[in-house]
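The structure under discussion appears below in the form of structure tokens.
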Amino acid sequence: MSEKTNGVITMVNGPVVRASGLSRFAMRELVRVGDLGLTGEILQMDGDDGVIQVYEDTTGIKLGEPVVGLGRPLSVCLGPGLMGHIIDGIGRPLDRLMEAEGGFLSRGTKLDPIDMEHVWEVTPLCKTGDVVSEGMQLASIKETELIENRVIVPRGVSGEVESIVAEGYYKTTDVVARVKGIDGRVTPVMMFHYWPVRSPRPYKERLLPNEPLITGQRVIDGLFPISKGGVAAIPGGFGTGKTVTQHQLAKWSDAKVVVYIGCGERGNEMTQVLEEFPSLEDPYSKKPLMERTILIANTSNMPVAAREASIYTGITIAEYYRDMGYDVAMMADSTSRWAEALRELSGRLGDIPAEEGFPAYLATRLAEFYERAGKVRTLGDKTASISVIGAVSPPGGDFTEPMTRHTKRFIRCFWALDASLAHARHFPAISWMDSYSEYASEVEDWYHEHVDPTWASLRNETRAILAEDDTVQQTIRLMGEDVLPDSQRLIALTASLLKNAYLQQNSFSDDSFCPPEKGVTIMKMILDFHNQAKKLVSEGCPLSLIRKMNELIELTHVREMSADNKSGFESLSKRISERLAKIGSERLASADGEVA
Amino acid sequence: MAFVEYTGIEKINGPIVMLKGVEGIGYDEVVEVIPDGKDPDSKPRLGRAIMISNDAIMVQVFAGTEGLIPAVSSARFLGHPLEITLSPSILGRTFDGLGRPLDGSGPVYSDIKRNINGSPMNPMARVYPRDFINTGFSSIDVLMTLIRGQKLPIFSGNGLPHNQLAIQIASQARLVGDENFAVVFAGVGIKHDDAAAFSAALSSRGTNLVLFQNLADDPVIERIATPRYALTAAEYLAFDLGMHVLVIITDITSYCEALRELSVSRGEIPSRKGYPSYLYSDLASLYERAGVLKDKKGSITFLPILTMPNDDITNPVPDQTGFITEGQIVLSRELDARGIYPPIDPLPSLSRLMKDGIGKGYTREDHPSVSSQLFACYSRVQEVKALAEVVGADELGDDDKAYLAFGETFEKTYVTQAKDENRDIAQSLDMSWRLLASLPVTALTRISMEDMEKYIKPNQDSEKQGGGVNKAAPAGK
């Protein structure tokens, strides 16, 4: 397909442009709009006329200016050089844009997301004469210290390797291999290719997501776990900590590749990641976190149409790395901004609105997006996954609004952020009452094998105490604690230990990342205390005696202890149990004394 | 200058005028609508082309459309978007809502003309703000620290002292030498008295001040442009002249109402409470202009003020604002009624940037934990208060009584400050420890065992020796 130049602008209304002379253009074709050559996409066709969504600010665009078709849909250039970099919603490299234009973004720039001149270290993974098919790996490229990029056989190609480069250094644009098909046609394979962002990349089959994505956050790993290949939503009003939680997950989750999308959010948040990640160490590989992270930034003041595209650009890049066999985690902050961009564009297109002005196809689009996550066997026969964690920003913190409601239909893990927890600076402010995870039962076996054989029962016991505490707290709010029997006051005490020592986590201390073993240890200590104390209370020992014990202060602060300090945990656990035994026997002795 | 001019208006609807479509008109271009094209004295009204097509051109007229006669009115297209002329001489000047001088000192002459819409900052070019600003308010400095380059709105209500607070912050918050510090103030739909008060209070303290005023009785649609003029001027002062600029814009609610009015006139599908669906994007295009850039000396710190309709924080204006800005300072009517100034309610207030701008190397190492503990305790105070209302304060346990006393002291001596009281951060932090020392040790779950020894013990000891909360007892030094 070659460039077509017949289009003429007939209307401009913000990011929506109408043009005539488009009869030979394709639906969803990528176009250059106006003398500035702004990037756009055709959304509607009506005879000779078409409606174009423009990804850049249209100020100054005049009637009568040309529209040029590029002959392909909105695509992202996939190749080595994405890792560790930051691109905008339609795949332009923000780092190289800054070098070219300075601190403010200008319009009409056409730069590929990857540096075509860069020279890479390439290692062949096949030899001449090998029979290969779609998705199989041909060569390996050292993209960063952490990530080996793979050159894979392109879509629809199979046959015999006719030539492959020797180990050495090659430019991004060099041909790495040639594959000769059965029909004799030779396909040159390069390090990069374009992929239309709205089409999911194919895989062989879907697998059950039964391995947890370890996040290092106790409330998630211990109570509401997510699988590798799972989908989760974090809804919360402003100031409840969506972004901090997303950052925590991007930092500490045990995915091999992290794609972080700042979709319609604050510029400084992206800057923070850019400044912080290169100096933070990945807890698993001990290499800088930036070596495994790709940032996509379409901040709230960047053009709204590109915000709509950024989610697709992100998931396409995630699929690209999945196809190399990596476990990818993608954070989308925030999906509500994407939905609002959809609403704004649909309004300008004159669609009839459904709920709260959102277009009727909102749910369909959401489903399409979330279904691109999952654990799969790739075409190259690797097991790989994409986990998606989407922040949702309900207006007024109201979870019944359309976006939160629809999201709940397509995700399986719901981390509800609670404003009152956030106000008390209890972080992460994930509500233990409103959240849920459908993956808990699927990852049980993994936890039993790798962490602790009692994980599931500990989890259930903890949740039961927290649920009971919820009712107890209602009584306390009405009548005060003094009216309650000791057994219920013990529930409140244990729950407060759980809230302070287990559920809260300070993201600015060493406790920021908590290995699952440490989490389980803390949970066990608190539950052991609870069960022992419960027994004493049932034997008539007043709770006030138990409450006075000094070890409780230490237990409240137990999360400050380093995960490596095994003997520290053991010693505290032992002292608590001894103290309780002592309280019990003293009490018994004095009771005997009274009887005597 | 080459421009397109033609006569005749097709249709007028509210602030919007429809003209016949002509080629060569650019989207968002400035239009001068002349009420009587034949009369050379007829005063042109400024507008901009908000939709252009071959059939019609939609022009939004800032001054309103009253008195326009379709048959004789004419329009002139100037070929560029709305611009502001900038030079160092804007310091000390007063402009109207569309950037025209109001102080009688004549126009600004310069070759530097900037599009008031600005361009988005490349996130790559930003510097993450970390420099602490000592506002002199304990509640702000310890609990919701303002950082240079931050956008931190004041959520207020009608009748609350938000203007007083903003003025006091502006006059106390100078980090660097005075000549490098400037305040850009934009009044959007504000009362004459408020504008005069601002102008008098700040200029009398010798601050470099640029004033933009769209008063309550000025044309409503003008308000859409006023904040943009102010922010473009601020960008010039910060990034061309290297100044540290504090931008105060009040009242954002008036701005949003103007936006709603325009949107309704255009026949757009409304979103929540009749506001347009692009309210979020539009507000972001203002708020996101705050920041610090690599390779530039200056900075823009942005304090927008908004009055929450009916004190409702879930109203779209504060709600959408909170999603974009880096926190918020919330004023409480209840505290105000009890005579507490500034009536800052710490619990819903927040500074998102403080976590990276406080602590060791920034303010003081104990700052993060002390602020987290104050939040936790004050939040508990609310629960105890609610309980006390039901069972009566006398029925409370000893711990709960300690909380009530803590809450009282916190509000009366910590949050409360005189209208000229400027507290140093060290002073505020020491006060915090003395407050916390009045609570039982078991309540202090956010303080590490180490800090407990270092800060709480000495304070408790001094209390035993008769040193109360209000008496100076240096802690942790």
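In the structure tokens, chains take letters A, B, ... by order of appearance, with residues numbered from 1 within each chain and ligands from 1 in the order shown.
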
TODO: Run DSSP on the backbone of this structure and report the residues of region 189-414 of chain B it assigns to strand (DSSP E or B), as a ChimeraX atom specification.
DONE: /B:189-190,208-215,244-250,270,276,291-293,299-307,327-331,344,350-351

Output file for the residues above (C-alpha atoms, as a CSV table (one decimal), in the first residue's frame):
chain,number,residue,atom,x,y,z
B,189,GLY,CA,-15.1,35.8,38.9
B,190,ILE,CA,-14.1,37.3,42.3
B,208,ASN,CA,6.8,40.9,42.9
B,209,LEU,CA,3.2,40.7,41.8
B,210,VAL,CA,1.3,40.2,38.5
B,211,LEU,CA,-2.4,40.5,38.8
B,212,PHE,CA,-5.1,39.3,36.4
B,213,GLN,CA,-8.7,40.2,37.3
B,214,ASN,CA,-11.9,38.9,36.0
B,215,LEU,CA,-14.3,40.3,38.5
B,244,HIS,CA,10.2,31.0,41.6
B,245,VAL,CA,6.6,31.7,40.9
B,246,LEU,CA,3.6,31.1,43.1
B,247,VAL,CA,0.4,31.1,41.2
B,248,ILE,CA,-2.8,31.7,43.1
B,249,ILE,CA,-6.1,31.4,41.1
B,250,THR,CA,-9.4,31.9,42.8
B,270,PRO,CA,-23.5,16.9,29.6
B,276,PRO,CA,-18.9,18.9,30.1
B,291,GLY,CA,6.3,22.1,37.9
B,292,VAL,CA,10.1,22.2,37.7
B,293,LEU,CA,12.0,21.6,34.5
B,299,SER,CA,9.6,26.8,39.1
B,300,ILE,CA,5.8,27.2,39.2
B,301,THR,CA,4.0,26.3,42.4
B,302,PHE,CA,0.3,26.4,42.0
B,303,LEU,CA,-2.3,27.1,44.7
B,304,PRO,CA,-5.7,27.1,43.1
B,305,ILE,CA,-8.6,28.0,45.4
B,306,LEU,CA,-12.0,26.6,44.9
B,307,THR,CA,-15.2,26.9,46.9
B,327,GLY,CA,-3.1,16.7,47.1
B,328,GLN,CA,-5.4,19.3,48.7
B,329,ILE,CA,-5.8,21.5,51.7
B,330,VAL,CA,-9.4,21.1,53.0
B,331,LEU,CA,-10.9,23.9,55.1
B,344,ILE,CA,-7.6,23.3,58.1
B,350,LEU,CA,-3.1,15.6,51.7
B,351,SER,CA,0.2,16.5,50.0

- [ ] Just the residues within 12 Å of Thr299 (chain A), please, counting only C-alpha atoms, with nothing from its chain fewer than 3 positions along; format it as an MDAnalysis selection string.
- [x] (chainID A and resid 87:89 94 105 261:271 295:296 302:308 310 333:334 337:338) or (chainID B and resid 120:124 280:281 284:285 287:289 324)

Go ahead and dump the residues you just picked, C-alpha atoms, as an mmCIF file, in the first residue's frame.
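The resulting file, result-v7.cif, is reproduced below:
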data_model
loop_
_atom_site.group_PDB
_atom_site.id
_atom_site.type_symbol
_atom_site.label_atom_id
_atom_site.label_comp_id
_atom_site.auth_asym_id
_atom_site.auth_seq_id
_atom_site.Cartn_x
_atom_site.Cartn_y
_atom_site.Cartn_z
ATOM 1 C CA ILE A 87 7.175 6.616 25.134
ATOM 2 C CA ASP A 88 3.909 8.499 24.720
ATOM 3 C CA GLY A 89 0.472 7.038 23.988
ATOM 4 C CA LEU A 94 9.778 11.044 24.993
ATOM 5 C CA LEU A 105 6.065 18.853 23.518
ATOM 6 C CA ILE A 261 1.018 3.187 31.630
ATOM 7 C CA GLY A 262 0.374 6.659 32.998
ATOM 8 C CA CYS A 263 -2.933 7.232 31.271
ATOM 9 C CA GLY A 264 -4.285 10.723 31.823
ATOM 10 C CA GLU A 265 -2.551 11.091 35.160
ATOM 11 C CA ARG A 266 0.015 13.485 36.622
ATOM 12 C CA GLY A 267 3.250 14.330 34.850
ATOM 13 C CA ASN A 268 5.236 14.353 38.076
ATOM 14 C CA GLU A 269 4.264 10.751 38.787
ATOM 15 C CA MET A 270 5.961 9.609 35.618
ATOM 16 C CA THR A 271 8.963 11.775 36.444
ATOM 17 C CA LEU A 295 6.914 3.541 30.678
ATOM 18 C CA ILE A 296 4.074 4.849 28.585
ATOM 19 C CA MET A 302 -1.470 15.593 26.706
ATOM 20 C CA PRO A 303 -3.982 15.138 23.853
ATOM 21 C CA VAL A 304 -7.026 13.162 24.846
ATOM 22 C CA ALA A 305 -7.196 10.897 21.790
ATOM 23 C CA ALA A 306 -3.701 9.584 22.426
ATOM 24 C CA ARG A 307 -4.838 8.741 25.933
ATOM 25 C CA GLU A 308 -7.414 6.419 24.422
ATOM 26 C CA SER A 310 -2.120 4.468 25.157
ATOM 27 C CA ASP A 333 -3.157 4.159 35.836
ATOM 28 C CA SER A 334 -5.944 5.016 35.338
ATOM 29 C CA ARG A 337 -9.190 8.294 32.209
ATOM 30 C CA TRP A 338 -9.181 5.988 29.222
ATOM 31 C CA PRO B 120 2.315 20.129 27.584
ATOM 32 C CA MET B 121 5.558 19.547 29.463
ATOM 33 C CA ASN B 122 7.408 16.435 28.450
ATOM 34 C CA PRO B 123 7.407 14.237 31.596
ATOM 35 C CA MET B 124 10.971 13.364 30.703
ATOM 36 C CA TYR B 280 -11.113 16.688 33.686
ATOM 37 C CA SER B 281 -8.933 17.251 30.610
ATOM 38 C CA ALA B 284 -5.612 19.243 33.746
ATOM 39 C CA SER B 285 -4.495 21.629 31.014
ATOM 40 C CA TYR B 287 -3.040 22.365 36.749
ATOM 41 C CA GLU B 288 -0.360 20.431 34.901
ATOM 42 C CA ARG B 289 1.393 23.659 33.970
ATOM 43 C CA ILE B 324 -5.261 15.922 39.029
#

- [ ] Would you please extract all alpha helix (DSSP H) residues from region 367-440 of chain B, as assigned by DSSP on the backbone, and give them as a VMD selection string?
- [x] chain B and resid 367 to 391 398 to 409 425 to 436

Exercise answer, chain B residues close to chain A, 7 Å and only C-alpha atoms, as a JSON list (two decimals) with N, CA and C atoms, in the first residue's frame:
[["chain", "number", "residue", "atom", "x", "y", "z"],
["B", 23, "GLU", "N", -12.70, 29.07, 3.77],
["B", 23, "GLU", "CA", -11.41, 28.39, 3.84],
["B", 23, "GLU", "C", -10.37, 29.32, 4.45],
["B", 24, "GLY", "N", -9.31, 28.71, 4.93],
["B", 24, "GLY", "CA", -8.20, 29.52, 5.43],
["B", 24, "GLY", "C", -8.34, 29.93, 6.87],
["B", 25, "ILE", "N", -9.41, 29.48, 7.53],
["B", 25, "ILE", "CA", -9.57, 29.78, 8.95],
["B", 25, "ILE", "C", -8.99, 28.62, 9.75],
["B", 26, "GLY", "N", -8.23, 28.94, 10.78],
["B", 26, "GLY", "CA", -7.64, 27.90, 11.60],
["B", 26, "GLY", "C", -8.47, 27.62, 12.83],
["B", 27, "TYR", "N", -8.44, 26.37, 13.28],
["B", 27, "TYR", "CA", -9.14, 26.00, 14.50],
["B", 27, "TYR", "C", -8.52, 26.72, 15.69],
["B", 28, "ASP", "N", -9.35, 27.24, 16.59],
["B", 28, "ASP", "CA", -8.91, 27.92, 17.81],
["B", 28, "ASP", "C", -8.27, 29.29, 17.54],
["B", 29, "GLU", "N", -8.51, 29.82, 16.32],
["B", 29, "GLU", "CA", -7.93, 31.11, 15.95],
["B", 29, "GLU", "C", -8.70, 32.26, 16.62],
["B", 50, "ILE", "N", -14.21, 27.95, 17.80],
["B", 50, "ILE", "CA", -14.16, 26.70, 18.56],
["B", 50, "ILE", "C", -14.63, 25.52, 17.72],
["B", 51, "MET", "N", -15.13, 25.78, 16.52],
["B", 51, "MET", "CA", -15.44, 24.69, 15.60],
["B", 51, "MET", "C", -15.43, 25.30, 14.22],
["B", 52, "ILE", "N", -14.75, 24.65, 13.29],
["B", 52, "ILE", "CA", -14.75, 25.19, 11.94],
["B", 52, "ILE", "C", -15.16, 24.10, 10.97],
["B", 53, "SER", "N", -15.99, 24.45, 10.03],
["B", 53, "SER", "CA", -16.32, 23.47, 8.98],
["B", 53, "SER", "C", -16.68, 24.25, 7.73],
["B", 54, "ASN", "N", -16.81, 23.54, 6.62],
["B", 54, "ASN", "CA", -17.14, 24.19, 5.36],
["B", 54, "ASN", "C", -18.50, 24.86, 5.42],
["B", 119, "SER", "N", 2.05, 24.54, 25.88],
["B", 119, "SER", "CA", 2.26, 23.18, 25.36],
["B", 119, "SER", "C", 2.50, 22.28, 26.55],
["B", 120, "PRO", "N", 2.07, 21.02, 26.44],
["B", 120, "PRO", "CA", 2.31, 20.13, 27.58],
["B", 120, "PRO", "C", 3.80, 19.92, 27.83],
["B", 121, "MET", "N", 4.16, 19.85, 29.12],
["B", 121, "MET", "CA", 5.56, 19.55, 29.46],
["B", 121, "MET", "C", 5.82, 18.09, 29.16],
["B", 122, "ASN", "N", 6.97, 17.81, 28.64],
["B", 122, "ASN", "CA", 7.41, 16.44, 28.45],
["B", 122, "ASN", "C", 7.77, 15.87, 29.83],
["B", 123, "PRO", "N", 7.12, 14.76, 30.26],
["B", 123, "PRO", "CA", 7.41, 14.24, 31.60],
["B", 123, "PRO", "C", 8.90, 13.93, 31.78],
["B", 124, "MET", "N", 9.54, 13.65, 30.69],
["B", 124, "MET", "CA", 10.97, 13.36, 30.70],
["B", 124, "MET", "C", 11.77, 14.61, 31.10],
["B", 125, "ALA", "N", 11.22, 15.78, 30.78],
["B", 125, "ALA", "CA", 11.96, 17.02, 31.02],
["B", 125, "ALA", "C", 11.70, 17.58, 32.41],
["B", 126, "ARG", "N", 10.74, 16.99, 33.10],
["B", 126, "ARG", "CA", 10.43, 17.49, 34.44],
["B", 126, "ARG", "C", 11.48, 17.05, 35.46],
["B", 127, "VAL", "N", 11.57, 17.82, 36.52],
["B", 127, "VAL", "CA", 12.35, 17.38, 37.67],
["B", 127, "VAL", "C", 11.32, 17.09, 38.75],
["B", 128, "TYR", "N", 11.43, 15.95, 39.40],
["B", 128, "TYR", "CA", 10.47, 15.61, 40.44],
["B", 128, "TYR", "C", 10.64, 16.59, 41.60],
["B", 269, "ILE", "N", -23.28, 17.07, 25.00],
["B", 269, "ILE", "CA", -23.91, 16.15, 25.94],
["B", 269, "ILE", "C", -23.26, 16.33, 27.31],
["B", 271, "SER", "N", -22.11, 15.79, 31.23],
["B", 271, "SER", "CA", -21.74, 14.69, 32.08],
["B", 271, "SER", "C", -22.29, 15.00, 33.48],
["B", 277, "SER", "N", -18.05, 16.70, 29.54],
["B", 277, "SER", "CA", -17.32, 15.46, 29.80],
["B", 277, "SER", "C", -15.81, 15.72, 29.79],
["B", 278, "TYR", "N", -15.39, 16.86, 29.20],
["B", 278, "TYR", "CA", -13.95, 17.12, 29.15],
["B", 278, "TYR", "C", -13.49, 18.00, 30.31],
["B", 281, "SER", "N", -10.04, 16.89, 31.51],
["B", 281, "SER", "CA", -8.93, 17.25, 30.61],
["B", 281, "SER", "C", -8.68, 18.74, 30.64],
["B", 284, "ALA", "N", -6.99, 19.74, 33.79],
["B", 284, "ALA", "CA", -5.61, 19.24, 33.75],
["B", 284, "ALA", "C", -4.73, 20.17, 32.93],
["B", 285, "SER", "N", -5.30, 20.75, 31.86],
["B", 285, "SER", "CA", -4.49, 21.63, 31.01],
["B", 285, "SER", "C", -4.09, 22.89, 31.79],
["B", 288, "GLU", "N", -1.62, 21.09, 35.26],
["B", 288, "GLU", "CA", -0.36, 20.43, 34.90],
["B", 288, "GLU", "C", 0.72, 21.42, 34.45],
["B", 293, "LEU", "N", 11.45, 22.22, 35.70],
["B", 293, "LEU", "CA", 12.01, 21.62, 34.50],
["B", 293, "LEU", "C", 13.52, 21.47, 34.62],
["B", 314, "THR", "N", -17.59, 15.89, 46.93],
["B", 314, "THR", "CA", -17.79, 14.98, 45.79],
["B", 314, "THR", "C", -18.37, 15.71, 44.58],
["B", 319, "ASP", "N", -13.86, 17.27, 43.01],
["B", 319, "ASP", "CA", -13.57, 15.86, 42.76],
["B", 319, "ASP", "C", -12.56, 15.71, 41.63],
["B", 322, "GLY", "N", -9.16, 17.08, 42.59],
["B", 322, "GLY", "CA", -8.39, 16.19, 43.47],
["B", 322, "GLY", "C", -7.71, 15.07, 42.72],
["B", 323, "PHE", "N", -8.30, 14.67, 41.60],
["B", 323, "PHE", "CA", -7.69, 13.60, 40.82],
["B", 323, "PHE", "C", -6.47, 14.10, 40.03],
["B", 324, "ILE", "N", -6.37, 15.41, 39.84],
["B", 324, "ILE", "CA", -5.26, 15.92, 39.03],
["B", 324, "ILE", "C", -4.16, 16.53, 39.90],
["B", 327, "GLY", "N", -2.58, 16.59, 45.79],
["B", 327, "GLY", "CA", -3.10, 16.72, 47.13],
["B", 327, "GLY", "C", -4.10, 17.84, 47.23],
["B", 347, "LEU", "N", -7.47, 15.58, 58.20],
["B", 347, "LEU", "CA", -7.72, 14.21, 57.74],
["B", 347, "LEU", "C", -7.98, 14.11, 56.23],
["B", 348, "PRO", "N", -8.90, 14.89, 55.67],
["B", 348, "PRO", "CA", -9.07, 14.79, 54.21],
["B", 348, "PRO", "C", -7.98, 15.55, 53.44],
["B", 372, "SER", "N", 2.82, 10.81, 60.29],
["B", 372, "SER", "CA", 1.93, 9.66, 60.16],
["B", 372, "SER", "C", 1.23, 9.38, 61.49],
["B", 375, "PHE", "N", -1.59, 11.85, 62.21],
["B", 375, "PHE", "CA", -2.78, 11.50, 61.43],
["B", 375, "PHE", "C", -3.55, 10.37, 62.10],
["B", 376, "ALA", "N", -2.82, 9.31, 62.47],
["B", 376, "ALA", "CA", -3.46, 8.16, 63.07],
["B", 376, "ALA", "C", -4.18, 8.57, 64.35],
["B", 379, "SER", "N", -7.20, 10.87, 63.76],
["B", 379, "SER", "CA", -8.29, 10.10, 63.19],
["B", 379, "SER", "C", -9.02, 9.32, 64.30],
["B", 387, "LEU", "N", -18.03, 8.62, 69.90],
["B", 387, "LEU", "CA", -18.45, 7.76, 71.01],
["B", 387, "LEU", "C", -18.86, 8.61, 72.22],
["B", 390, "VAL", "N", -22.29, 9.81, 72.29],
["B", 390, "VAL", "CA", -23.32, 8.82, 72.61],
["B", 390, "VAL", "C", -23.32, 8.50, 74.10],
["B", 391, "VAL", "N", -22.15, 8.14, 74.63],
["B", 391, "VAL", "CA", -22.13, 7.67, 76.02],
["B", 391, "VAL", "C", -21.78, 8.78, 77.02],
["B", 442, "THR", "N", 1.14, 2.90, 74.07],
["B", 442, "THR", "CA", 0.53, 1.87, 73.21],
["B", 442, "THR", "C", -0.18, 2.49, 72.01],
["B", 445, "THR", "N", 1.71, 3.57, 67.52],
["B", 445, "THR", "CA", 2.13, 2.42, 66.73],
["B", 445, "THR", "C", 2.97, 2.80, 65.51]]

Task: CA of Val184 (chain B) to CA of Leu241 (chain B), straight-line distance in Å - done: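 Result for CA of Leu241 (chain B) versus CA of Val184 (chain B): 14.0 Å, one decimal.
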
TODO: Find the spatial neighbours of Gly229 (chain A), counting only C-alpha atoms, within a cut-off of 8 Å - ignore same-chain residues fewer than 2 positions away - and output them as an NGL selection string.
DONE: :A and (209 or 227 or 231 or 327 or 373-375 or 385-388)

- [ ] Measuring atom to atom with only C-alpha atoms, identify which of B:Thr7, B:Ser371, B:Thr253, B:Ser105 is nearest to Trp433 (chain B).
- [x] B:Ser371

- [ ] Write out as a list in words the residues lying within 10 Å of Glu368 (chain A), counting only C-alpha atoms and excluding same-chain residues fewer than 4 positions away.
- [x]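 Residues near the query, excluding close chain neighbours: Arg198, Ser199, Pro200, Ala363, Thr364, Arg372, Ala373 and Phe410 of chain A.
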
Open item on the list: I'd like the interatomic distance between CA of Gln373 (chain B) and CA of Ala443 (chain B), to a tenth of an Å.
Closed with: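 Taking CA of Gln373 (chain B) as the start and CA of Ala443 (chain B) as the end point, the length is 8.9 Å.
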
- [ ] Show which residues sit within 7 Å of region 71-84 of chain A, as a list in words. Count only C-alpha atoms, and ignore same-chain residues fewer than 2 positions away.
- [x]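 The neighbour list is Met1, Ser2, Glu3, Arg28, Glu29, Leu30, Glu41, Gly69, Gly91, Asp112, Pro113, Ile114, Asp115, Glu143, Asn149, Met191, Phe192, His193, Tyr194, Trp195, Pro196, Val197, Met290, Glu291, Arg292, Thr293, Ile294 and Thr313 of chain A.
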
Open item on the list: Neighbouring residues of Met190 (chain A) were defined as those with any atom within 7 Å, considering only C-alpha atoms; residues of the same chain fewer than 6 positions away were excluded. Please report them as a list of chain:residue names.
Closed with: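 The filter keeps A:Thr173, A:Asp174, A:Val175, A:Val176.
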
Restricting it to N, CA and C atoms, dump the selection as an mmCIF file, in the first residue's frame.
data_model
loop_
_atom_site.group_PDB
_atom_site.id
_atom_site.type_symbol
_atom_site.label_atom_id
_atom_site.label_comp_id
_atom_site.auth_asym_id
_atom_site.auth_seq_id
_atom_site.Cartn_x
_atom_site.Cartn_y
_atom_site.Cartn_z
ATOM 1 N N THR A 173 18.308 -1.933 12.068
ATOM 2 C CA THR A 173 17.681 -2.099 10.761
ATOM 3 C C THR A 173 18.279 -3.254 9.953
ATOM 4 N N ASP A 174 19.323 -3.914 10.488
ATOM 5 C CA ASP A 174 19.932 -5.020 9.749
ATOM 6 C C ASP A 174 19.000 -6.232 9.696
ATOM 7 N N VAL A 175 19.153 -7.008 8.617
ATOM 8 C CA VAL A 175 18.381 -8.251 8.510
ATOM 9 C C VAL A 175 19.096 -9.323 9.330
ATOM 10 N N VAL A 176 18.347 -9.951 10.249
ATOM 11 C CA VAL A 176 18.949 -10.939 11.135
ATOM 12 C C VAL A 176 18.916 -12.333 10.498
#

TODO: Would you please work out which residue, of A:Val537, A:Ser133, A:Ala233, A:Tyr321, is nearest to His406 (chain A) when using only C-alpha atoms?
DONE: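 Result for the nearest residue to His406 (chain A): A:Ala233.
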
Could you name the residues that touch Ile456 (chain B) at 9 Å or less, counting only C-alpha atoms, but leaving out those on the same chain fewer than 3 positions away, as a PDB file with N, CA and C atoms, in the first residue's frame?
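Final output, saved to around_15.pdb:
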ATOM      1  N   TRP B 433       5.940  16.486  68.830  1.00  0.00           N
ATOM      2  CA  TRP B 433       6.373  15.456  69.787  1.00  0.00           C
ATOM      3  C   TRP B 433       5.779  15.694  71.164  1.00  0.00           C
ATOM      4  N   ARG B 434       5.727  16.972  71.550  1.00  0.00           N
ATOM      5  CA  ARG B 434       5.167  17.269  72.873  1.00  0.00           C
ATOM      6  C   ARG B 434       3.700  16.855  72.925  1.00  0.00           C
ATOM      7  N   LEU B 436       2.299  14.423  71.147  1.00  0.00           N
ATOM      8  CA  LEU B 436       2.198  12.961  71.136  1.00  0.00           C
ATOM      9  C   LEU B 436       2.569  12.365  72.491  1.00  0.00           C
ATOM     10  N   ALA B 437       3.470  13.047  73.198  1.00  0.00           N
ATOM     11  CA  ALA B 437       3.922  12.508  74.474  1.00  0.00           C
ATOM     12  C   ALA B 437       2.791  12.454  75.495  1.00  0.00           C
ATOM     13  N   VAL B 441       1.754   5.191  75.480  1.00  0.00           N
ATOM     14  CA  VAL B 441       2.751   4.652  74.547  1.00  0.00           C
ATOM     15  C   VAL B 441       2.129   3.647  73.588  1.00  0.00           C
ATOM     16  N   ASP B 451      12.758   5.808  67.788  1.00  0.00           N
ATOM     17  CA  ASP B 451      12.300   7.193  67.951  1.00  0.00           C
ATOM     18  C   ASP B 451      11.583   7.394  69.271  1.00  0.00           C
ATOM     19  N   MET B 452      10.966   6.327  69.742  1.00  0.00           N
ATOM     20  CA  MET B 452      10.245   6.400  71.002  1.00  0.00           C
ATOM     21  C   MET B 452      11.222   6.845  72.095  1.00  0.00           C
ATOM     22  N   GLU B 453      12.388   6.187  72.140  1.00  0.00           N
ATOM     23  CA  GLU B 453      13.426   6.512  73.120  1.00  0.00           C
ATOM     24  C   GLU B 453      13.886   7.963  72.942  1.00  0.00           C
ATOM     25  N   ASN B 459      10.223  13.990  76.373  1.00  0.00           N
ATOM     26  CA  ASN B 459       9.040  14.824  76.539  1.00  0.00           C
ATOM     27  C   ASN B 459       8.189  14.378  77.708  1.00  0.00           C
ATOM     28  N   GLN B 460       8.078  13.038  77.852  1.00  0.00           N
ATOM     29  CA  GLN B 460       7.276  12.535  78.963  1.00  0.00           C
ATOM     30  C   GLN B 460       7.951  12.887  80.280  1.00  0.00           C
ATOM     31  N   ASP B 461       9.281  12.783  80.296  1.00  0.00           N
ATOM     32  CA  ASP B 461      10.011  13.120  81.508  1.00  0.00           C
ATOM     33  C   ASP B 461       9.802  14.583  81.879  1.00  0.00           C
ATOM     34  N   ALA B 475      12.967  18.986  71.976  1.00  0.00           N
ATOM     35  CA  ALA B 475      12.931  17.538  71.921  1.00  0.00           C
ATOM     36  C   ALA B 475      13.901  17.039  70.870  1.00  0.00           C
ATOM     37  N   GLY B 476      14.499  15.918  71.152  1.00  0.00           N
ATOM     38  CA  GLY B 476      15.270  15.186  70.160  1.00  0.00           C
ATOM     39  C   GLY B 476      16.477  15.914  69.607  1.00  0.00           C
TER      40      GLY B 476
END
